[in-house]
file final20.cif (mmCIF, C-alpha atoms)
data_structure
loop_
_atom_site.label_atom_id
_atom_site.label_comp_id
_atom_site.auth_asym_id
_atom_site.auth_seq_id
_atom_site.Cartn_x
_atom_site.Cartn_y
_atom_site.Cartn_z
CA MET A 863 -72.40 3.42 29.76
CA ASP A 864 -70.41 2.57 26.67
CA VAL A 865 -72.86 1.91 23.87
CA LEU A 866 -70.24 0.72 21.43
CA ASN A 867 -68.58 -1.55 23.94
CA PRO A 868 -71.13 -3.04 26.31
CA MET A 869 -70.03 -5.71 28.78
CA THR A 870 -71.24 -8.73 26.91
CA TYR A 871 -68.40 -11.17 27.26
CA ASP A 872 -66.32 -12.55 30.05
CA ALA A 873 -63.71 -10.85 32.18
CA GLU A 874 -60.71 -12.58 30.63
CA GLU A 875 -61.45 -11.38 27.13
CA ASP A 876 -62.27 -7.86 28.25
CA GLN A 877 -59.14 -7.40 30.35
CA LEU A 878 -57.02 -9.00 27.69
CA ARG A 879 -58.02 -6.34 25.23
CA ASP A 880 -57.49 -3.46 27.62
CA ARG A 881 -54.20 -4.71 29.00
CA THR A 882 -52.51 -5.10 25.66
CA LYS A 883 -53.28 -1.60 24.44
CA TYR A 884 -49.75 -0.36 24.88
CA SER A 885 -50.65 3.20 24.20
CA GLN A 886 -53.87 5.03 23.48
CA MET A 887 -52.03 6.69 20.56
CA ASP A 888 -51.67 3.30 18.81
CA LYS A 889 -55.26 3.59 17.71
CA HIS A 890 -54.48 6.80 15.82
CA LEU A 891 -50.94 6.07 14.61
CA ILE A 892 -51.31 2.52 13.33
CA PRO A 893 -53.67 1.81 10.42
CA VAL A 894 -56.52 -0.40 11.49
CA GLU A 895 -55.44 -3.32 9.26
CA PHE A 896 -52.23 -3.68 11.27
CA GLN A 897 -53.76 -3.36 14.72
CA GLN A 898 -53.65 -6.99 15.69
CA GLN A 899 -55.73 -8.24 18.56
CA PRO A 900 -53.91 -10.47 21.03
CA VAL A 901 -54.23 -14.18 20.42
CA SER A 902 -56.56 -15.75 22.91
CA THR A 903 -58.01 -19.19 23.29
CA GLY A 904 -61.46 -17.62 23.79
CA THR A 905 -62.81 -20.97 24.44
CA THR A 906 -64.97 -23.56 26.12
CA ILE A 907 -63.36 -26.03 28.51
CA VAL A 908 -65.14 -28.67 30.59
CA ALA A 909 -63.87 -31.16 33.15
CA VAL A 910 -65.84 -33.81 35.04
CA GLU A 911 -64.85 -36.40 37.68
CA TYR A 912 -66.32 -39.85 37.61
CA ASP A 913 -65.66 -42.97 39.63
CA GLY A 914 -62.24 -44.07 38.44
CA GLY A 915 -61.03 -41.01 36.56
CA VAL A 916 -61.86 -37.73 34.86
CA ILE A 917 -63.19 -36.70 31.47
CA ILE A 918 -61.99 -33.39 30.05
CA GLY A 919 -63.00 -31.63 26.87
CA ALA A 920 -62.45 -28.42 24.92
CA ASP A 921 -63.34 -26.81 21.60
CA THR A 922 -60.61 -26.21 18.99
CA ARG A 923 -60.70 -22.53 18.07
CA THR A 924 -57.93 -19.96 18.68
CA SER A 925 -58.86 -16.46 17.63
CA SER A 926 -57.15 -13.10 17.30
CA GLY A 927 -60.02 -10.63 17.52
CA THR A 928 -62.49 -12.04 15.01
CA PHE A 929 -59.87 -13.80 12.88
CA VAL A 930 -59.67 -17.52 13.54
CA MET A 931 -55.96 -18.28 13.74
CA ASN A 932 -56.27 -21.98 14.32
CA ARG A 933 -59.37 -24.11 13.65
CA PHE A 934 -58.03 -27.28 15.20
CA THR A 935 -56.07 -26.23 18.28
CA ASP A 936 -55.24 -28.68 21.00
CA LYS A 937 -56.17 -27.06 24.29
CA LEU A 938 -55.70 -30.27 26.27
CA THR A 939 -52.09 -29.92 27.32
CA GLN A 940 -50.40 -32.85 28.97
CA LEU A 941 -48.45 -32.03 32.14
CA THR A 942 -47.56 -35.60 33.16
CA ASP A 943 -48.62 -39.13 32.20
CA ARG A 944 -51.97 -38.88 33.97
CA ILE A 945 -52.42 -35.11 34.49
CA PHE A 946 -53.72 -32.67 31.89
CA CYS A 947 -54.44 -28.98 31.98
CA LEU A 948 -57.10 -27.11 30.01
CA ARG A 949 -56.13 -23.61 28.90
CA SER A 950 -58.28 -20.49 28.49
CA GLY A 951 -57.36 -16.82 28.27
CA SER A 952 -54.22 -15.53 26.61
CA ALA A 953 -52.67 -18.26 24.47
CA ALA A 954 -49.12 -17.07 25.18
CA ASP A 955 -49.59 -16.90 28.95
CA THR A 956 -51.19 -20.32 29.28
CA GLN A 957 -48.62 -21.97 27.04
CA ALA A 958 -45.81 -20.47 29.12
CA ILE A 959 -47.41 -21.66 32.36
CA ALA A 960 -47.96 -25.16 31.01
CA GLN A 961 -44.35 -25.36 29.85
CA VAL A 962 -42.91 -24.27 33.21
CA VAL A 963 -45.23 -26.53 35.22
CA THR A 964 -44.39 -29.53 33.02
CA TYR A 965 -40.74 -29.00 33.84
CA GLN A 966 -41.44 -28.54 37.56
CA LEU A 967 -43.49 -31.75 37.72
CA ASP A 968 -40.90 -33.69 35.77
CA PHE A 969 -38.25 -32.61 38.25
CA LEU A 970 -40.54 -33.41 41.19
CA SER A 971 -41.29 -36.90 39.94
CA ALA A 972 -37.55 -37.56 39.65
CA GLU A 973 -37.04 -36.35 43.23
CA MET A 974 -39.96 -38.33 44.73
CA ASN A 975 -39.55 -41.35 42.45
CA GLU A 976 -43.28 -41.55 41.85
CA PRO A 977 -45.78 -39.72 39.65
CA PRO A 978 -46.86 -36.37 41.11
CA LEU A 979 -50.29 -35.92 42.67
CA VAL A 980 -52.94 -33.95 40.76
CA ARG A 981 -53.19 -31.56 43.71
CA ILE A 982 -49.48 -30.79 43.43
CA ALA A 983 -49.79 -30.05 39.71
CA ALA A 984 -52.76 -27.79 40.35
CA ASN A 985 -50.81 -25.97 43.02
CA CYS A 986 -47.88 -25.36 40.67
CA VAL A 987 -50.26 -23.83 38.13
CA ARG A 988 -52.06 -21.82 40.78
CA ARG A 989 -48.81 -20.50 42.26
CA MET A 990 -47.69 -19.16 38.88
CA ILE A 991 -51.02 -17.49 38.18
CA TYR A 992 -51.11 -15.94 41.66
CA GLN A 993 -47.52 -14.75 41.59
CA TYR A 994 -48.00 -12.95 38.29
CA ARG A 995 -51.66 -12.14 38.79
CA ASP A 996 -51.25 -8.55 37.60
CA ASP A 997 -49.60 -9.61 34.36
CA PHE A 998 -51.07 -12.97 33.36
CA LEU A 999 -54.47 -13.54 31.87
CA ALA A 1000 -54.89 -17.26 32.38
CA GLY A 1001 -57.82 -19.35 33.52
CA MET A 1002 -56.83 -23.00 33.75
CA ILE A 1003 -58.34 -26.29 34.81
CA VAL A 1004 -56.03 -29.05 36.00
CA ALA A 1005 -57.49 -32.56 35.92
CA GLY A 1006 -56.09 -36.05 36.15
CA TRP A 1007 -55.79 -39.29 38.02
CA ASP A 1008 -53.44 -40.32 40.80
CA LYS A 1009 -53.12 -43.34 43.06
CA LYS A 1010 -54.01 -41.52 46.27
CA LEU A 1011 -57.32 -39.82 45.49
CA GLY A 1012 -58.30 -41.16 42.06
CA GLY A 1013 -59.83 -38.76 39.54
CA GLN A 1014 -59.71 -35.08 40.52
CA VAL A 1015 -60.59 -31.75 38.89
CA TYR A 1016 -59.10 -28.50 40.16
CA SER A 1017 -60.08 -25.06 38.94
CA CYS A 1018 -57.42 -22.30 38.79
CA PRO A 1019 -59.16 -19.18 37.53
CA LEU A 1020 -57.87 -15.66 36.91
CA GLY A 1021 -56.62 -14.26 40.24
CA GLY A 1022 -54.91 -17.38 41.54
CA LEU A 1023 -57.64 -19.34 43.31
CA LEU A 1024 -57.35 -23.08 43.73
CA VAL A 1025 -60.46 -25.11 44.39
CA ARG A 1026 -61.32 -28.74 43.82
CA GLN A 1027 -64.69 -29.31 42.19
CA PRO A 1028 -66.46 -32.44 40.90
CA VAL A 1029 -67.31 -30.61 37.68
CA THR A 1030 -66.21 -27.29 36.34
CA LEU A 1031 -66.32 -25.10 33.21
CA GLY A 1032 -64.06 -22.39 31.90
CA GLY A 1033 -63.55 -19.94 29.07
CA SER A 1034 -65.82 -17.46 27.34
CA GLY A 1035 -68.14 -20.19 26.05
CA SER A 1036 -68.75 -21.55 29.53
CA THR A 1037 -71.22 -18.75 30.28
CA TYR A 1038 -73.68 -20.36 27.86
CA ILE A 1039 -73.61 -23.77 29.50
CA TRP A 1040 -73.69 -23.18 33.26
CA GLY A 1041 -77.45 -23.62 33.05
CA TYR A 1042 -77.00 -26.84 31.12
CA LEU A 1043 -74.58 -28.05 33.80
CA ASP A 1044 -76.93 -27.17 36.67
CA ASN A 1045 -79.74 -29.01 34.93
CA ASN A 1046 -77.93 -32.09 33.66
CA TYR A 1047 -75.05 -32.89 35.98
CA ARG A 1048 -75.66 -35.52 38.64
CA PRO A 1049 -73.01 -36.95 40.97
CA ASN A 1050 -71.93 -40.58 40.37
CA MET A 1051 -72.52 -40.70 36.62
CA THR A 1052 -71.00 -43.51 34.59
CA GLN A 1053 -68.12 -42.93 32.18
CA GLN A 1054 -70.43 -42.92 29.15
CA GLU A 1055 -72.86 -40.47 30.78
CA CYS A 1056 -70.00 -38.12 31.65
CA TYR A 1057 -68.65 -38.33 28.09
CA ASP A 1058 -72.06 -37.46 26.63
CA PHE A 1059 -72.44 -34.62 29.12
CA VAL A 1060 -69.05 -33.10 28.19
CA LEU A 1061 -69.61 -33.49 24.44
CA LYS A 1062 -73.11 -32.00 24.53
CA GLY A 1063 -71.91 -29.09 26.67
CA ILE A 1064 -69.10 -28.23 24.29
CA THR A 1065 -71.44 -28.49 21.29
CA LEU A 1066 -73.97 -26.14 22.88
CA ALA A 1067 -71.26 -23.60 23.69
CA ILE A 1068 -69.74 -23.83 20.18
CA THR A 1069 -73.16 -23.06 18.69
CA ARG A 1070 -73.65 -19.91 20.74
CA ASP A 1071 -70.18 -18.50 21.43
CA GLY A 1072 -68.32 -16.77 18.62
CA SER A 1073 -64.94 -17.37 20.26
CA SER A 1074 -65.51 -21.14 20.46
CA GLY A 1075 -65.77 -23.36 17.45
CA GLY A 1076 -64.30 -26.09 15.33
CA CYS A 1077 -64.43 -29.59 16.72
CA ALA A 1078 -64.45 -31.10 20.19
CA ARG A 1079 -61.38 -32.73 21.68
CA ILE A 1080 -62.05 -35.04 24.64
CA ALA A 1081 -59.72 -37.04 26.85
CA ILE A 1082 -60.63 -39.81 29.30
CA ILE A 1083 -58.00 -40.18 32.03
CA ASN A 1084 -58.03 -43.11 34.41
CA LYS A 1085 -55.61 -45.58 35.97
CA ASP A 1086 -55.20 -47.43 32.68
CA GLY A 1087 -54.02 -44.38 30.79
CA VAL A 1088 -55.28 -41.56 28.62
CA GLU A 1089 -57.75 -42.09 25.78
CA ARG A 1090 -58.02 -39.13 23.39
CA ILE A 1091 -61.03 -38.69 21.18
CA ASP A 1092 -61.47 -36.00 18.52
CA VAL A 1093 -65.10 -35.46 17.54
CA LEU A 1094 -65.18 -33.70 14.18
CA GLY A 1095 -67.78 -31.13 13.13
CA ASN A 1096 -70.41 -33.33 11.53
CA ASP A 1097 -70.18 -35.94 14.29
CA LEU A 1098 -71.10 -33.48 17.03
CA PRO A 1099 -74.51 -34.21 18.63
CA LYS A 1100 -77.50 -32.40 17.16
CA VAL A 1101 -78.73 -29.45 19.14
CA PHE A 1102 -81.73 -27.20 18.55
CA ASP A 1103 -81.42 -25.42 15.22
CA LEU A 1104 -81.59 -21.70 16.00
CA MET B 1148 -63.81 -8.62 19.44
CA GLY B 1149 -62.51 -5.08 19.76
CA ASP B 1150 -64.65 -1.96 19.59
CA ASP B 1151 -64.91 -1.96 15.81
CA ILE B 1152 -68.50 -1.02 15.05
CA LEU B 1153 -68.54 -2.84 11.73
CA SER B 1154 -67.80 -6.16 13.42
CA TYR B 1155 -70.26 -5.63 16.30
CA ASN B 1156 -72.89 -7.80 14.64
CA GLY B 1157 -70.75 -9.52 12.01
CA GLY B 1158 -71.96 -10.91 8.70
CA VAL B 1159 -70.72 -11.30 5.18
CA ALA B 1160 -71.95 -11.35 1.59
CA LEU B 1161 -70.49 -12.36 -1.75
CA ALA B 1162 -71.55 -11.86 -5.37
CA MET B 1163 -70.17 -13.54 -8.46
CA LYS B 1164 -70.90 -13.28 -12.18
CA GLY B 1165 -71.55 -16.06 -14.63
CA LYS B 1166 -72.74 -16.29 -18.22
CA GLU B 1167 -76.11 -14.48 -18.21
CA CYS B 1168 -76.48 -15.34 -14.55
CA ILE B 1169 -75.50 -13.88 -11.19
CA ALA B 1170 -75.12 -15.38 -7.75
CA ILE B 1171 -75.38 -13.48 -4.49
CA ALA B 1172 -74.89 -15.18 -1.14
CA CYS B 1173 -74.81 -14.16 2.49
CA ASP B 1174 -74.45 -15.81 5.87
CA LYS B 1175 -77.33 -16.02 8.33
CA ARG B 1176 -75.81 -15.09 11.66
CA TYR B 1177 -77.19 -12.42 13.93
CA GLY B 1178 -74.95 -11.91 16.94
CA VAL B 1179 -73.80 -9.33 19.42
CA GLN B 1180 -70.00 -9.44 19.60
CA ASN B 1181 -69.22 -12.96 20.83
CA ARG B 1182 -72.77 -14.14 21.37
CA THR B 1183 -74.85 -15.63 18.55
CA ILE B 1184 -78.49 -14.75 19.01
CA ALA B 1185 -80.20 -16.00 15.84
CA THR B 1186 -79.30 -17.90 12.71
CA ASN B 1187 -82.07 -16.70 10.42
CA PHE B 1188 -80.88 -13.14 9.74
CA THR B 1189 -80.39 -12.99 5.98
CA LYS B 1190 -78.94 -9.82 4.58
CA ILE B 1191 -80.18 -9.96 0.99
CA PHE B 1192 -83.15 -7.85 -0.12
CA GLN B 1193 -85.00 -7.78 -3.43
CA TYR B 1194 -85.88 -4.47 -5.05
CA SER B 1195 -87.02 -5.48 -8.51
CA ASP B 1196 -87.57 -8.63 -10.57
CA HIS B 1197 -83.85 -9.16 -11.08
CA CYS B 1198 -82.23 -6.66 -8.71
CA PHE B 1199 -80.91 -7.63 -5.31
CA VAL B 1200 -78.95 -5.75 -2.69
CA SER B 1201 -77.04 -7.11 0.27
CA PHE B 1202 -76.07 -5.00 3.27
CA CYS B 1203 -73.41 -6.03 5.80
CA GLY B 1204 -72.38 -4.23 8.95
CA LEU B 1205 -74.30 -2.94 11.93
CA ALA B 1206 -77.59 -4.87 12.00
CA THR B 1207 -79.77 -1.91 12.88
CA ASP B 1208 -78.42 -0.02 9.89
CA VAL B 1209 -78.88 -3.09 7.66
CA GLN B 1210 -82.58 -2.99 8.52
CA THR B 1211 -82.91 0.80 8.33
CA VAL B 1212 -81.04 1.33 5.08
CA SER B 1213 -82.85 -1.56 3.36
CA GLU B 1214 -86.21 -0.13 4.41
CA ARG B 1215 -85.33 3.46 3.45
CA LEU B 1216 -84.11 2.26 0.06
CA LYS B 1217 -87.34 0.34 -0.38
CA PHE B 1218 -89.27 3.52 0.29
CA ARG B 1219 -87.39 5.35 -2.45
CA THR B 1220 -87.67 2.49 -4.95
CA ASN B 1221 -91.41 2.17 -4.30
CA LEU B 1222 -91.89 5.86 -5.10
CA TYR B 1223 -89.72 5.49 -8.23
CA GLU B 1224 -91.89 2.62 -9.48
CA LEU B 1225 -95.08 4.56 -8.80
CA ARG B 1226 -93.88 7.69 -10.55
CA GLU B 1227 -92.11 6.06 -13.50
CA GLN B 1228 -94.55 3.15 -13.86
CA ARG B 1229 -91.73 0.75 -14.58
CA LYS B 1230 -89.38 -1.53 -12.68
CA LEU B 1231 -85.90 -0.48 -11.60
CA LYS B 1232 -82.76 -1.23 -13.51
CA PRO B 1233 -79.66 -2.29 -11.53
CA ASN B 1234 -77.57 0.78 -12.30
CA VAL B 1235 -80.43 3.08 -11.27
CA LEU B 1236 -80.84 1.19 -8.01
CA TYR B 1237 -77.12 1.50 -7.41
CA ASN B 1238 -77.21 5.23 -7.98
CA MET B 1239 -80.12 5.64 -5.58
CA LEU B 1240 -78.28 3.66 -2.93
CA THR B 1241 -75.01 5.57 -3.18
CA ASN B 1242 -76.95 8.81 -3.08
CA LEU B 1243 -78.80 7.66 0.05
CA LEU B 1244 -75.51 6.79 1.72
CA TYR B 1245 -73.70 9.99 0.75
CA GLU B 1246 -76.52 12.09 2.18
CA ARG B 1247 -75.18 10.93 5.52
CA ARG B 1248 -71.55 11.61 4.64
CA PHE B 1249 -70.58 13.08 8.03
CA GLY B 1250 -72.73 10.85 10.21
CA PRO B 1251 -72.79 7.69 8.14
CA TYR B 1252 -74.69 4.45 8.27
CA PHE B 1253 -72.41 1.57 9.22
CA VAL B 1254 -73.21 -0.74 6.33
CA PHE B 1255 -71.30 -1.78 3.25
CA ALA B 1256 -73.47 -2.71 0.27
CA LEU B 1257 -73.46 -5.07 -2.70
CA VAL B 1258 -75.85 -4.41 -5.59
CA VAL B 1259 -76.42 -7.14 -8.19
CA GLY B 1260 -78.72 -7.26 -11.18
CA LEU B 1261 -79.49 -8.86 -14.48
CA ASP B 1262 -81.15 -7.43 -17.59
CA PRO B 1263 -83.65 -10.17 -18.57
CA LYS B 1264 -83.78 -9.07 -22.22
CA THR B 1265 -80.08 -8.82 -23.01
CA GLY B 1266 -78.65 -11.06 -20.29
CA GLU B 1267 -76.25 -8.33 -19.23
CA THR B 1268 -74.98 -8.80 -15.67
CA PHE B 1269 -74.18 -6.17 -13.05
CA ILE B 1270 -72.31 -6.38 -9.78
CA TYR B 1271 -71.47 -3.18 -7.93
CA ASP B 1272 -70.23 -2.65 -4.41
CA SER B 1273 -70.22 0.36 -2.17
CA ASP B 1274 -68.59 1.42 1.07
CA ASN B 1275 -70.63 3.02 3.82
CA ILE B 1276 -70.49 6.53 2.38
CA GLY B 1277 -71.49 5.68 -1.16
CA ALA B 1278 -68.23 5.29 -3.07
CA VAL B 1279 -69.10 3.96 -6.54
CA SER B 1280 -67.34 1.00 -8.06
CA ASP B 1281 -67.07 -0.40 -11.57
CA ASN B 1282 -69.17 -3.31 -12.74
CA VAL B 1283 -66.99 -6.13 -11.38
CA ASN B 1284 -66.87 -9.92 -11.70
CA LEU B 1285 -66.63 -10.60 -7.99
CA ALA B 1286 -67.33 -8.57 -4.89
CA THR B 1287 -67.55 -9.23 -1.16
CA VAL B 1288 -68.51 -7.18 1.88
CA GLY B 1289 -68.50 -7.88 5.58
CA THR B 1290 -66.23 -9.04 8.38
CA ALA B 1291 -64.93 -12.08 6.49
CA SER B 1292 -64.70 -10.29 3.13
CA GLU B 1293 -60.93 -10.68 2.78
CA TYR B 1294 -61.06 -14.43 3.38
CA ILE B 1295 -63.89 -14.91 0.92
CA PHE B 1296 -62.24 -12.70 -1.69
CA GLY B 1297 -59.23 -14.98 -1.79
CA LEU B 1298 -61.34 -18.09 -2.26
CA GLY B 1299 -63.63 -16.32 -4.73
CA GLU B 1300 -60.71 -15.34 -6.94
CA LEU B 1301 -59.56 -18.93 -6.85
CA PHE B 1302 -62.90 -20.48 -7.82
CA PHE B 1303 -64.00 -17.85 -10.32
CA LYS B 1304 -63.89 -18.69 -14.02
CA PRO B 1305 -65.34 -16.44 -16.73
CA ASN B 1306 -68.65 -17.50 -18.32
CA MET B 1307 -69.71 -20.13 -15.80
CA ASN B 1308 -73.18 -21.62 -16.12
CA ALA B 1309 -75.68 -21.44 -13.26
CA ASP B 1310 -74.68 -24.71 -11.59
CA GLU B 1311 -70.94 -24.02 -11.67
CA LEU B 1312 -71.62 -20.52 -10.42
CA PHE B 1313 -73.64 -21.83 -7.49
CA GLU B 1314 -70.86 -24.25 -6.54
CA ALA B 1315 -68.13 -21.63 -6.76
CA THR B 1316 -70.10 -19.07 -4.75
CA SER B 1317 -71.21 -21.41 -2.01
CA GLN B 1318 -67.78 -23.02 -1.56
CA ALA B 1319 -66.07 -19.63 -1.39
CA LEU B 1320 -68.55 -18.40 1.22
CA LEU B 1321 -68.77 -21.50 3.39
CA ASN B 1322 -65.03 -22.02 3.61
CA GLY B 1323 -64.20 -18.34 3.99
CA VAL B 1324 -66.48 -17.87 7.02
CA ASP B 1325 -64.67 -20.71 8.80
CA ARG B 1326 -61.87 -18.24 9.47
CA ASP B 1327 -64.14 -15.57 10.93
CA SER B 1328 -65.81 -15.93 14.30
CA ALA B 1329 -68.41 -13.22 13.56
CA SER B 1330 -69.94 -14.84 10.46
CA GLY B 1331 -71.34 -18.15 9.43
CA TRP B 1332 -74.01 -20.31 11.03
CA GLY B 1333 -75.55 -21.14 7.65
CA ALA B 1334 -75.84 -19.38 4.32
CA VAL B 1335 -78.39 -18.52 1.65
CA VAL B 1336 -77.51 -18.34 -2.06
CA TYR B 1337 -79.60 -16.66 -4.75
CA VAL B 1338 -78.81 -17.63 -8.36
CA ILE B 1339 -80.46 -15.18 -10.73
CA GLU B 1340 -80.99 -16.16 -14.35
CA LYS B 1341 -83.00 -14.57 -17.17
CA ASP B 1342 -86.05 -16.73 -16.61
CA LYS B 1343 -85.81 -17.84 -12.99
CA ILE B 1344 -84.32 -17.16 -9.57
CA THR B 1345 -83.20 -20.10 -7.45
CA VAL B 1346 -82.82 -19.71 -3.70
CA ARG B 1347 -80.88 -22.34 -1.79
CA GLU B 1348 -80.27 -22.46 1.96
CA LEU B 1349 -77.01 -24.07 3.01
CA LYS B 1350 -76.48 -25.67 6.42
CA GLY B 1351 -72.75 -25.23 6.95
CA ARG B 1352 -70.82 -25.36 10.23
CA GLN B 1353 -72.83 -24.07 13.15
CA ASP B 1354 -69.87 -22.61 15.00
#
call {"tool": "encode", "arguments": {"input": "final20.cif", "output": "structure tokens"}}
result
Amino acid sequence: MDVLNPMTYDAEEDQLRDRTKYSQMDKHLIPVEFQQQPVSTGTTIVAVEYDGGVIIGADTRTSSGTFVMNRFTDKLTQLTDRIFCLRSGSAADTQAIAQVVTYQLDFLSAEMNEPPLVRIAANCVRRMIYQYRDDFLAGMIVAGWDKKLGGQVYSCPLGGLLVRQPVTLGGSGSTYIWGYLDNNYRPNMTQQECYDFVLKGITLAITRDGSSGGCARIAIINKDGVERIDVLGNDLPKVFDL
Amino acid sequence: MGDDILSYNGGVALAMKGKECIAIACDKRYGVQNRTIATNFTKIFQYSDHCFVSFCGLATDVQTVSERLKFRTNLYELREQRKLKPNVLYNMLTNLLYERRFGPYFVFALVVGLDPKTGETFIYDSDNIGAVSDNVNLATVGTASEYIFGLGELFFKPNMNADELFEATSQALLNGVDRDSASGWGAVVYVIEKDKITVRELKGRQD
């Protein structure tokens, strides 16, 4: 049992640290001020389906160890007009995946002459994660709207799984709000109820998780388009004062 | 968060001098690596009418060292029949820390004090094995100390009065902890003057 390093946070963060230790000697050769931790979007991401679309949300903190590199990151990355992905894990890996998949979907939509399905986008992401599963540290959620099946949320976690879920969470902050989800999520909520659910969940996770923080960025995706809302710090809902 | 023992619990403190007044401030977070457990863990302790010490680092050592120092200062006051002066307190603390030179406590310390008769101000800081410092204008300890130092240097002016000092200290602390995920979640600021001590609790970002 490692007293100095107990298993208190999620798998992505833990593996990320271990993986990027190039050599055990680095600890002794490089002065501690220069030993940079890898940049991770240790994060909280939430996605919910409702009748007519999806609502997705994330916090805005990118950290490198304990240093906050970016206080207002945008973790809602657009893949196509109506499909977004939410990124958690290594910032570099997820950005690379999003870039490649955006290109692949752009090409596909030119070939098929219609916007790609959300399931196809999720599969592109999942295929990349699975193919490089030993190298990547990426947990992503792909959510959007298409003509065939309406609003959909697909979860693509670490090893390369693909599963459609009505609601899902991701990132290190998600561990603090699974209970909140189990207690407060009901199927067939209205758009406003889903929005409140997502915002409250992110706020609760920001309060407890050190790797999540900043503001909340939310997007509502339906057939009419994408509405982006940034909820700044003092506008976040009030939660119990610890 | 890495396996750095000094950032296991996180926390930060800052002290700044003014004209015949001193401010010392700390954050209120108690967490274990990523997880925040409580937001009422202040790290400032009073040892005499105008002497305060702040400890930052491993939380268990914060509690232990503050209590062990209290034990020694209590005995001093009983034997000498007078209250401690800041430089004496500082000496006692560095001695306590150096006793454990080869198995040290994991806390960095800030000692601040004011002489109520002359208005002379003292700020000293110490590493975890009792290295002594000069009497400085500005000192910080903790996981966000570098970020707060930069802001503190920016906001510091010599001979500030108590209100300006409070503003400078609290702005430096609140904005510096925004760049550190192991500190924050509120702050408490003590402004110590010759005739009174004002304690203010700041809300701040709860993230």
call {"tool": "closest_atom_pairs", "arguments": {"input": "final20.cif", "of": "chain A", "to": "chain B", "cutoff": "6 Å", "atoms": "only C-alpha atoms", "output": "JSON lines"}}
result
{"residue": "A:Asn867", "atom": "CA", "partner": "B:Asp1150", "partner_atom": "CA", "distance": 5.9}
{"residue": "A:Gly927", "atom": "CA", "partner": "B:Met1148", "partner_atom": "CA", "distance": 4.7}
{"residue": "A:Thr928", "atom": "CA", "partner": "B:Ser1328", "partner_atom": "CA", "distance": 5.2}
{"residue": "A:Phe929", "atom": "CA", "partner": "B:Asp1327", "partner_atom": "CA", "distance": 5.0}
{"residue": "A:Val930", "atom": "CA", "partner": "B:Arg1326", "partner_atom": "CA", "distance": 4.7}
{"residue": "A:Ile1068", "atom": "CA", "partner": "B:Asp1354", "partner_atom": "CA", "distance": 5.3}
{"residue": "A:Thr1069", "atom": "CA", "partner": "B:Asp1354", "partner_atom": "CA", "distance": 5.0}
{"residue": "A:Arg1070", "atom": "CA", "partner": "B:Thr1183", "partner_atom": "CA", "distance": 5.0}
{"residue": "A:Asp1071", "atom": "CA", "partner": "B:Arg1182", "partner_atom": "CA", "distance": 5.1}
{"residue": "A:Gly1072", "atom": "CA", "partner": "B:Asn1181", "partner_atom": "CA", "distance": 4.5}
{"residue": "A:Gly1075", "atom": "CA", "partner": "B:Asp1354", "partner_atom": "CA", "distance": 4.8}
{"residue": "A:Leu1104", "atom": "CA", "partner": "B:Thr1186", "partner_atom": "CA", "distance": 5.5}
call {"tool": "atom_distance", "arguments": {"input": "final20.cif", "atom1": "CA of Pro978 (chain A)", "atom2": "CA of Asp943 (chain A)"}}
result
9.5 Å
call {"tool": "atom_distance", "arguments": {"input": "final20.cif", "atom1": "CA of Cys1198 (chain B)", "atom2": "CA of Leu1236 (chain B)"}}
result
8.0 Å
call {"tool": "atom_distance", "arguments": {"input": "final20.cif", "atom1": "CA of Val1159 (chain B)", "atom2": "CA of Val1288 (chain B)"}}
result
5.7 Å
call {"tool": "resolve_selection", "arguments": {"input": "final20.cif", "expression": "the PyMOL selection byres ((chain A and resi 999) around 7)", "output": "PyMOL selection string"}}
result
chain A and resi 874+878+951-952+955+997-998+1000-1001+1020
call {"tool": "residues_around", "arguments": {"input": "final20.cif", "residues": "Ala984 (chain A)", "least_positions_apart": "6", "cutoff": "12 Å", "atoms": "only C-alpha atoms", "output": "PyMOL selection string"}}
result
chain A and resi 941-942+945-948+959-960+963-964+966-967+978+990-991+1001-1006+1014-1019+1022-1026
call {"tool": "closest_residue", "arguments": {"input": "final20.cif", "among": "B:Ala1315, B:Leu1153, B:Leu1349, B:Ala1309", "to": "Asp1274 (chain B)", "atoms": "all atoms listed in the file"}}
result
B:Leu1153
